[in-house]
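Novice: Structure file work_20.json, JSON, C-alpha atoms, is pasted below:
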[["chain", "number", "residue", "atom", "x", "y", "z"],
["Y", 1, "MET", "CA", -20.79, -12.79, -6.94],
["Y", 2, "ARG", "CA", -19.71, -15.31, -4.35],
["Y", 3, "LEU", "CA", -20.72, -13.94, -0.93],
["Y", 4, "LEU", "CA", -19.11, -15.52, 2.12],
["Y", 5, "ILE", "CA", -21.14, -14.78, 5.26],
["Y", 6, "VAL", "CA", -19.49, -15.30, 8.64],
["Y", 7, "PHE", "CA", -22.25, -15.37, 11.24],
["Y", 8, "ASN", "CA", -21.84, -15.41, 15.02],
["Y", 9, "HIS", "CA", -24.75, -15.41, 17.45],
["Y", 10, "PRO", "CA", -25.76, -18.41, 19.58],
["Y", 11, "TYR", "CA", -29.37, -17.40, 20.26],
["Y", 12, "GLU", "CA", -31.84, -18.12, 17.45],
["Y", 13, "GLY", "CA", -34.24, -15.45, 18.71],
["Y", 14, "SER", "CA", -31.66, -12.70, 18.37],
["Y", 15, "TYR", "CA", -31.97, -9.71, 16.07],
["Y", 16, "CYS", "CA", -28.74, -10.86, 14.42],
["Y", 17, "HIS", "CA", -30.66, -13.88, 13.13],
["Y", 18, "ALA", "CA", -33.25, -11.55, 11.62],
["Y", 19, "VAL", "CA", -30.41, -9.61, 9.99],
["Y", 20, "LEU", "CA", -29.01, -12.84, 8.57],
["Y", 21, "LYS", "CA", -32.37, -13.70, 7.01],
["Y", 22, "SER", "CA", -32.53, -10.25, 5.39],
["Y", 23, "VAL", "CA", -29.01, -10.63, 4.03],
["Y", 24, "ILE", "CA", -29.88, -14.02, 2.53],
["Y", 25, "ARG", "CA", -33.08, -12.64, 0.97],
["Y", 26, "GLY", "CA", -31.15, -9.79, -0.61],
["Y", 27, "ALA", "CA", -28.41, -12.09, -1.84],
["Y", 28, "LYS", "CA", -30.95, -14.44, -3.46],
["Y", 29, "LYS", "CA", -32.71, -11.52, -5.16],
["Y", 30, "ALA", "CA", -29.37, -10.43, -6.63],
["Y", 31, "ASN", "CA", -28.46, -14.01, -7.59],
["Y", 32, "HIS", "CA", -25.34, -13.92, -5.44],
["Y", 33, "GLU", "CA", -23.80, -17.27, -4.63],
["Y", 34, "ILE", "CA", -24.17, -17.68, -0.85],
["Y", 35, "ASP", "CA", -21.68, -19.49, 1.36],
["Y", 36, "LEU", "CA", -22.69, -19.32, 5.03],
["Y", 37, "ILE", "CA", -20.29, -20.05, 7.88],
["Y", 38, "ASN", "CA", -22.22, -20.28, 11.15],
["Y", 39, "LEU", "CA", -19.50, -20.28, 13.78],
["Y", 40, "ASP", "CA", -21.84, -21.30, 16.62],
["Y", 41, "GLU", "CA", -23.38, -24.23, 14.76],
["Y", 42, "ASP", "CA", -19.91, -25.36, 13.66],
["Y", 43, "GLU", "CA", -18.73, -25.24, 17.29],
["Y", 44, "PHE", "CA", -15.67, -23.41, 16.03],
["Y", 45, "ASP", "CA", -12.71, -23.37, 18.44],
["Y", 46, "PRO", "CA", -11.60, -19.71, 18.67],
["Y", 47, "VAL", "CA", -8.60, -20.28, 20.95],
["Y", 48, "MET", "CA", -5.11, -19.74, 19.57],
["Y", 49, "ARG", "CA", -3.31, -22.78, 20.94],
["Y", 50, "ALA", "CA", 0.40, -23.62, 20.99],
["Y", 51, "LYS", "CA", 0.30, -25.40, 17.63],
["Y", 52, "ASP", "CA", -1.49, -22.43, 16.06],
["Y", 53, "LEU", "CA", 1.18, -20.06, 17.31],
["Y", 54, "LYS", "CA", 3.91, -22.40, 16.08],
["Y", 55, "ALA", "CA", 2.20, -22.37, 12.68],
["Y", 56, "PHE", "CA", 2.21, -18.57, 12.79],
["Y", 57, "VAL", "CA", 5.94, -18.46, 13.60],
["Y", 58, "ILE", "CA", 7.03, -20.85, 10.84],
["Y", 59, "ALA", "CA", 4.55, -19.75, 8.15],
["Y", 60, "LYS", "CA", 6.96, -17.44, 6.33],
["Y", 61, "ASP", "CA", 9.80, -19.96, 5.89],
["Y", 62, "HIS", "CA", 7.88, -23.24, 6.06],
["Y", 63, "PRO", "CA", 4.39, -22.61, 4.65],
["Y", 64, "LYS", "CA", 3.47, -26.27, 4.02],
["Y", 65, "GLU", "CA", 4.46, -27.35, 7.51],
["Y", 66, "SER", "CA", 2.57, -24.38, 8.93],
["Y", 67, "LEU", "CA", -0.68, -25.37, 7.25],
["Y", 68, "GLN", "CA", -0.31, -28.96, 8.44],
["Y", 69, "LEU", "CA", -0.48, -27.74, 12.03],
["Y", 70, "LEU", "CA", -3.85, -26.06, 11.59],
["Y", 71, "ASP", "CA", -7.22, -27.56, 12.50],
["Y", 72, "PRO", "CA", -9.20, -29.22, 9.68],
["Y", 73, "ARG", "CA", -12.01, -26.73, 10.29],
["Y", 74, "VAL", "CA", -9.63, -23.81, 9.71],
["Y", 75, "LEU", "CA", -8.38, -25.39, 6.48],
["Y", 76, "GLN", "CA", -11.97, -25.87, 5.34],
["Y", 77, "TYR", "CA", -12.73, -22.23, 6.07],
["Y", 78, "LYS", "CA", -9.53, -21.26, 4.23],
["Y", 79, "ASN", "CA", -10.70, -22.96, 1.05],
["Y", 80, "ARG", "CA", -14.00, -21.10, 1.24],
["Y", 81, "LEU", "CA", -12.40, -17.75, 2.06],
["Y", 82, "ILE", "CA", -10.01, -17.74, -0.88],
["Y", 83, "LYS", "CA", -12.94, -18.24, -3.28],
["Y", 84, "ALA", "CA", -14.99, -15.34, -1.90],
["Y", 85, "ASP", "CA", -15.66, -12.17, -3.87],
["Y", 86, "HIS", "CA", -17.09, -10.42, -0.82],
["Y", 87, "LEU", "CA", -16.78, -11.20, 2.88],
["Y", 88, "LEU", "CA", -19.65, -10.26, 5.18],
["Y", 89, "PHE", "CA", -19.61, -10.51, 8.98],
["Y", 90, "ILE", "CA", -22.75, -10.48, 11.14],
["Y", 91, "PHE", "CA", -22.30, -10.36, 14.91],
["Y", 92, "PRO", "CA", -23.34, -8.46, 18.05],
["Y", 93, "ILE", "CA", -21.07, -6.00, 19.82],
["Y", 94, "TRP", "CA", -20.59, -7.22, 23.39],
["Y", 95, "TRP", "CA", -18.62, -4.98, 25.77],
["Y", 96, "GLU", "CA", -17.48, -2.84, 22.85],
["Y", 97, "LEU", "CA", -16.00, -5.65, 20.68],
["Y", 98, "MET", "CA", -16.91, -8.82, 18.83],
["Y", 99, "PRO", "CA", -17.78, -12.17, 20.48],
["Y", 100, "ALA", "CA", -15.01, -14.70, 20.98],
["Y", 101, "LEU", "CA", -15.89, -16.85, 17.97],
["Y", 102, "THR", "CA", -15.62, -13.92, 15.55],
["Y", 103, "LYS", "CA", -12.32, -12.86, 17.12],
["Y", 104, "GLY", "CA", -11.06, -16.42, 16.80],
["Y", 105, "PHE", "CA", -12.07, -16.53, 13.14],
["Y", 106, "VAL", "CA", -10.05, -13.39, 12.49],
["Y", 107, "ASP", "CA", -7.07, -14.70, 14.48],
["Y", 108, "LYS", "CA", -7.04, -18.07, 12.71],
["Y", 109, "LEU", "CA", -8.03, -17.10, 9.16],
["Y", 110, "ILE", "CA", -6.43, -13.68, 8.72],
["Y", 111, "PHE", "CA", -3.25, -15.62, 9.08],
["Y", 112, "PRO", "CA", 0.08, -15.80, 7.19],
["Y", 113, "GLY", "CA", -0.12, -18.28, 4.36],
["Y", 114, "ILE", "CA", -3.91, -18.03, 4.33],
["Y", 115, "ALA", "CA", -4.97, -14.40, 3.98],
["Y", 116, "TYR", "CA", -1.63, -12.69, 3.46],
["Y", 117, "ASP", "CA", 2.13, -12.96, 3.09],
["Y", 118, "THR", "CA", 4.72, -10.69, 4.64],
["Y", 119, "ASN", "CA", 7.73, -9.11, 2.97],
["Y", 120, "LYS", "CA", 11.31, -10.12, 3.76],
["Y", 121, "ASN", "CA", 11.50, -7.79, 6.74],
["Y", 122, "GLY", "CA", 8.12, -8.86, 8.05],
["Y", 123, "THR", "CA", 6.92, -5.25, 8.09],
["Y", 124, "GLY", "CA", 4.58, -5.26, 5.10],
["Y", 125, "PHE", "CA", 1.57, -7.32, 4.07],
["Y", 126, "LYS", "CA", 0.43, -8.65, 0.72],
["Y", 127, "SER", "CA", -3.06, -10.09, 0.46],
["Y", 128, "ARG", "CA", -3.46, -13.66, -0.78],
["Y", 129, "LEU", "CA", -7.21, -13.11, -1.09],
["Y", 130, "THR", "CA", -6.99, -12.03, -4.71],
["Y", 131, "SER", "CA", -10.69, -12.63, -5.43],
["Y", 132, "LEU", "CA", -11.86, -10.56, -2.47],
["Y", 133, "LYS", "CA", -13.23, -7.22, -3.65],
["Y", 134, "GLY", "CA", -14.63, -6.01, -0.33],
["Y", 135, "VAL", "CA", -15.64, -6.70, 3.25],
["Y", 136, "THR", "CA", -18.82, -5.62, 5.03],
["Y", 137, "MET", "CA", -19.45, -5.78, 8.76],
["Y", 138, "ILE", "CA", -23.02, -5.72, 10.09],
["Y", 139, "THR", "CA", -23.22, -5.32, 13.85],
["Y", 140, "THR", "CA", -25.90, -4.90, 16.49],
["Y", 141, "MET", "CA", -25.51, -3.26, 19.88],
["Y", 142, "ASN", "CA", -27.54, -1.70, 22.67],
["Y", 143, "THR", "CA", -25.23, 1.29, 23.09],
["Y", 144, "GLN", "CA", -26.17, 4.53, 21.32],
["Y", 145, "SER", "CA", -23.98, 5.20, 18.30],
["Y", 146, "ILE", "CA", -22.95, 8.67, 19.48],
["Y", 147, "VAL", "CA", -21.68, 7.21, 22.76],
["Y", 148, "TYR", "CA", -19.85, 4.41, 20.98],
["Y", 149, "LYS", "CA", -18.24, 6.86, 18.58],
["Y", 150, "LEU", "CA", -17.29, 9.70, 20.92],
["Y", 151, "LEU", "CA", -16.40, 7.82, 24.10],
["Y", 152, "LEU", "CA", -15.16, 4.53, 22.66],
["Y", 153, "GLY", "CA", -13.79, 5.65, 19.32],
["Y", 154, "ASN", "CA", -15.81, 3.20, 17.21],
["Y", 155, "ALA", "CA", -13.58, 0.44, 18.56],
["Y", 156, "ILE", "CA", -14.86, -2.36, 16.34],
["Y", 157, "LYS", "CA", -14.44, -0.30, 13.17],
["Y", 158, "ARG", "CA", -10.89, 0.58, 14.15],
["Y", 159, "ALA", "CA", -10.03, -3.01, 14.98],
["Y", 160, "MET", "CA", -11.58, -4.72, 11.97],
["Y", 161, "LEU", "CA", -11.81, -2.28, 9.06],
["Y", 162, "LEU", "CA", -9.21, 0.39, 9.79],
["Y", 163, "GLY", "CA", -6.86, -2.22, 11.27],
["Y", 164, "THR", "CA", -6.97, -5.84, 10.18],
["Y", 165, "PHE", "CA", -8.47, -5.62, 6.69],
["Y", 166, "TRP", "CA", -6.78, -2.33, 5.80],
["Y", 167, "LYS", "CA", -3.41, -3.83, 6.76],
["Y", 168, "ILE", "CA", -3.73, -6.72, 4.33],
["Y", 169, "GLY", "CA", -5.04, -4.49, 1.56],
["Y", 170, "VAL", "CA", -8.71, -5.40, 1.23],
["Y", 171, "PRO", "CA", -10.60, -2.55, -0.52],
["Y", 172, "ASN", "CA", -14.22, -1.42, -0.09],
["Y", 173, "ARG", "CA", -14.55, -1.87, 3.67],
["Y", 174, "LYS", "CA", -18.05, -1.04, 4.94],
["Y", 175, "TRP", "CA", -19.66, -1.01, 8.39],
["Y", 176, "ILE", "CA", -23.42, -1.15, 9.01],
["Y", 177, "ASN", "CA", -24.06, -0.64, 12.72],
["Y", 178, "LEU", "CA", -27.54, -1.07, 14.18],
["Y", 179, "ASN", "CA", -27.44, 0.66, 17.54],
["Y", 180, "PHE", "CA", -29.71, 0.94, 20.56],
["Y", 181, "VAL", "CA", -31.46, -2.20, 19.26],
["Y", 182, "LYS", "CA", -33.01, -3.32, 22.54],
["Y", 183, "PHE", "CA", -34.70, 0.05, 22.94],
["Y", 184, "SER", "CA", -35.80, 0.55, 19.32],
["Y", 185, "SER", "CA", -39.38, 0.15, 18.12],
["Y", 186, "TYR", "CA", -40.62, -2.77, 16.07],
["Y", 187, "GLU", "CA", -41.17, -0.40, 13.14],
["Y", 188, "LYS", "CA", -37.59, 0.85, 13.24],
["Y", 189, "ARG", "CA", -36.17, -2.67, 13.43],
["Y", 190, "LYS", "CA", -38.32, -3.66, 10.45],
["Y", 191, "LYS", "CA", -37.04, -0.67, 8.43],
["Y", 192, "TRP", "CA", -33.47, -1.68, 9.22],
["Y", 193, "LEU", "CA", -34.09, -5.16, 7.84],
["Y", 194, "VAL", "CA", -35.58, -3.80, 4.63],
["Y", 195, "SER", "CA", -32.64, -1.41, 4.25],
["Y", 196, "ILE", "CA", -30.13, -4.22, 4.75],
["Y", 197, "GLU", "CA", -31.89, -6.42, 2.21],
["Y", 198, "ASN", "CA", -31.76, -3.60, -0.34],
["Y", 199, "ARG", "CA", -28.07, -2.93, 0.34],
["Y", 200, "ILE", "CA", -27.23, -6.57, -0.26],
["Y", 201, "VAL", "CA", -29.20, -6.52, -3.52],
["Y", 202, "ASN", "CA", -26.99, -3.61, -4.64],
["Y", 203, "LEU", "CA", -23.76, -5.03, -3.25],
["Y", 204, "ALA", "CA", -20.96, -4.76, -5.78]]
Go ahead and express the file in the form of structure tokens.
Specialist:
Amino acid sequence: MRLLIVFNHPYEGSYCHAVLKSVIRGAKKANHEIDLINLDEDEFDPVMRAKDLKAFVIAKDHPKESLQLLDPRVLQYKNRLIKADHLLFIFPIWWELMPALTKGFVDKLIFPGIAYDTNKNGTGFKSRLTSLKGVTMITTMNTQSIVYKLLLGNAIKRAMLLGTFWKIGVPNRKWINLNFVKFSSYEKRKKWLVSIENRIVNLA
């Protein structure tokens, strides 16, 4: 299986980096093909600029011209995304949502002519990611899960899995949320990493 990992955390000492290492260990054990996009190391530009929005507007009727407006980095990511069998995000939840680089990746790659096409009326979506069999989101946060669920409605799950990837028809959408990380014991954090490694080994 070709596993595309989209990673976003600028601090090498973060728990997200430990999660990434566990994911890679699990993927290697299962002989998955690993393709890692590190948004911070790539210095990815997350901002939707005027040319990006023009590309969005003309994508339906002028797909070639639309792609020509996009950054080379986005086109490189596009080529890697369309080959993926499984897409896996790793990022922290900051103020209830994803960091800017992850949001920019979604804005620029879950894009008409890249990830999906629309119908004639523009009201329906058809995925172009025909190889993609699932998407997994692994997040860390310092909020307790019960608070995030009851008061904030699991905002990131709604935005990413029940919104974006459901809309374009990606099946098998999973969320692994590691909560209250800052206040958790070393033993608990270690168990989480082992659990994640095992889940990646069994990823289908």
Novice: Which of these residues is nearest to Y:Thr118, using all atoms listed in the file: Y:Asp61, Y:Asp52, Y:Met137, Y:Glu43?
Specialist: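 Nearest to Y:Thr118: Y:Asp61.
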Novice: Which neighbours of stretch 103-105 of chain Y fall inside 12 Å, counting only C-alpha atoms, when residues of the same chain fewer than 3 positions from it are skipped, and could you give them as a ChimeraX atom specification?
Specialist: /Y:6-8,37-40,42-49,52,73-75,77-78,81,89,91-94,97-100,108-111,115,156,159-160,164
Novice: Mind pulling up the distance from atom CA of Y:Leu129 to atom CA of Y:Ile168?
Specialist: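 For atom CA of Y:Ile168 relative to atom CA of Y:Leu129, the distance reads 9.1 Å.
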Novice: Which is closest to Y:Tyr148 among Y:Lys191, Y:Glu96, Y:Tyr186, Y:Leu203, if we use all atoms listed in the file?
Specialist: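 Answer, going by the shortest atom-to-atom distance: Y:Glu96.
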Novice: Between atom CA of Y:Gly134 and atom CA of Y:Trp192, what distance in Å does the model show, to one decimal?
Specialist: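 Computed distance, atom CA of Y:Gly134 to atom CA of Y:Trp192, equals 21.6 Å.
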Novice: Here's a test: counting only C-alpha atoms, identify every protein, DNA and RNA residue with an atom at most 12 Å from (-30.6, -14.5, -4.4) in the file's coordinate frame, and state them as a list in words.
Specialist: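 Result, sorted by chain then residue number: Met1, Arg2, Leu3, Lys21, Ser22, Val23, Ile24, Arg25, Gly26, Ala27, Lys28, Lys29, Ala30, Asn31, His32, Glu33, Ile34, Asp35, Glu197, Asn198, Ile200, Val201, Asn202 and Leu203 of chain Y.
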Novice: Restrict the selected residues to C-alpha atoms and save them as a tab-separated table (two decimals), in the coordinates of the input.
Specialist:
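In the end it all went to selection_9.tsv:
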chain	number	residue	atom	x	y	z
Y	1	MET	CA	-20.79	-12.79	-6.94
Y	2	ARG	CA	-19.71	-15.31	-4.35
Y	3	LEU	CA	-20.72	-13.94	-0.93
Y	21	LYS	CA	-32.37	-13.70	7.01
Y	22	SER	CA	-32.53	-10.25	5.39
Y	23	VAL	CA	-29.01	-10.63	4.03
Y	24	ILE	CA	-29.88	-14.02	2.53
Y	25	ARG	CA	-33.08	-12.64	0.97
Y	26	GLY	CA	-31.15	-9.79	-0.61
Y	27	ALA	CA	-28.41	-12.09	-1.84
Y	28	LYS	CA	-30.95	-14.44	-3.46
Y	29	LYS	CA	-32.71	-11.52	-5.16
Y	30	ALA	CA	-29.37	-10.43	-6.63
Y	31	ASN	CA	-28.46	-14.01	-7.59
Y	32	HIS	CA	-25.34	-13.92	-5.44
Y	33	GLU	CA	-23.80	-17.27	-4.63
Y	34	ILE	CA	-24.17	-17.68	-0.85
Y	35	ASP	CA	-21.68	-19.49	1.36
Y	197	GLU	CA	-31.89	-6.42	2.21
Y	198	ASN	CA	-31.76	-3.60	-0.34
Y	200	ILE	CA	-27.23	-6.57	-0.26
Y	201	VAL	CA	-29.20	-6.52	-3.52
Y	202	ASN	CA	-26.99	-3.61	-4.64
Y	203	LEU	CA	-23.76	-5.03	-3.25
Novice: Using only C-alpha atoms, which of the listed residues (Y:Leu70, Y:Leu36, Y:Ile82, Y:Leu20) sits closest to Y:Lys51?
Specialist: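 Residue with the minimum atom-to-atom distance to Y:Lys51: Y:Leu70.
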Novice: Quick one: everything within 12 Å of Y:Arg189, counting only C-alpha atoms, minus sequence neighbours fewer than 3 positions away in the same chain. Send it as an mmCIF file with C-alpha atoms, keeping the file's coordinate frame.
Specialist:
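Written file, out.cif:
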data_model
loop_
_atom_site.group_PDB
_atom_site.id
_atom_site.type_symbol
_atom_site.label_atom_id
_atom_site.label_comp_id
_atom_site.auth_asym_id
_atom_site.auth_seq_id
_atom_site.Cartn_x
_atom_site.Cartn_y
_atom_site.Cartn_z
ATOM 1 C CA TYR Y 15 -31.970 -9.710 16.070
ATOM 2 C CA CYS Y 16 -28.740 -10.860 14.420
ATOM 3 C CA ALA Y 18 -33.250 -11.550 11.620
ATOM 4 C CA VAL Y 19 -30.410 -9.610 9.990
ATOM 5 C CA SER Y 22 -32.530 -10.250 5.390
ATOM 6 C CA THR Y 140 -25.900 -4.900 16.490
ATOM 7 C CA LEU Y 178 -27.540 -1.070 14.180
ATOM 8 C CA ASN Y 179 -27.440 0.660 17.540
ATOM 9 C CA PHE Y 180 -29.710 0.940 20.560
ATOM 10 C CA VAL Y 181 -31.460 -2.200 19.260
ATOM 11 C CA LYS Y 182 -33.010 -3.320 22.540
ATOM 12 C CA PHE Y 183 -34.700 0.050 22.940
ATOM 13 C CA SER Y 184 -35.800 0.550 19.320
ATOM 14 C CA SER Y 185 -39.380 0.150 18.120
ATOM 15 C CA TYR Y 186 -40.620 -2.770 16.070
ATOM 16 C CA TRP Y 192 -33.470 -1.680 9.220
ATOM 17 C CA LEU Y 193 -34.090 -5.160 7.840
ATOM 18 C CA VAL Y 194 -35.580 -3.800 4.630
ATOM 19 C CA SER Y 195 -32.640 -1.410 4.250
ATOM 20 C CA ILE Y 196 -30.130 -4.220 4.750
#
Novice: What is the atom CA of Y:Thr102 to atom CA of Y:Lys64 distance in Å?
Specialist: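 Straight-line distance from atom CA of Y:Thr102 to atom CA of Y:Lys64 works out to 25.5 Å.
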Novice: Give the answer as one residue: which of Y:Ile176, Y:Ser14, Y:Leu4, Y:Phe56 has the shortest atom-to-atom distance to Y:Asp107, using all atoms listed in the file?
Specialist: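 Smallest separation from Y:Asp107 among the options: Y:Phe56.
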Novice: Which residue is closest to Y:Gly124? Choose from Y:Lys167, Y:Asn154, Y:Ile146, Y:Arg80 and count all atoms listed in the file.
Specialist: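 Answer, going by the shortest atom-to-atom distance: Y:Lys167.
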Novice: List as a list in words the protein and nucleic acid residues near Y:Lys133, meaning an atom at most 9 Å away when all atoms listed in the file are counted, but skip any in the same chain fewer than 3 places from it.
Specialist: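 Answer for this query is Ala84, Asp85, His86, Leu87, Leu129, Thr130, Val170, Pro171, Asn172 and Ala204 of chain Y.
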Novice: Would you list the residues near (-2.4, -12.9, 0.2) (no more than 6 Å away, in the coordinates of the file, using all atoms listed in the file) as a PyMOL selection string?
Specialist: chain Y and resi 115-117+126-129
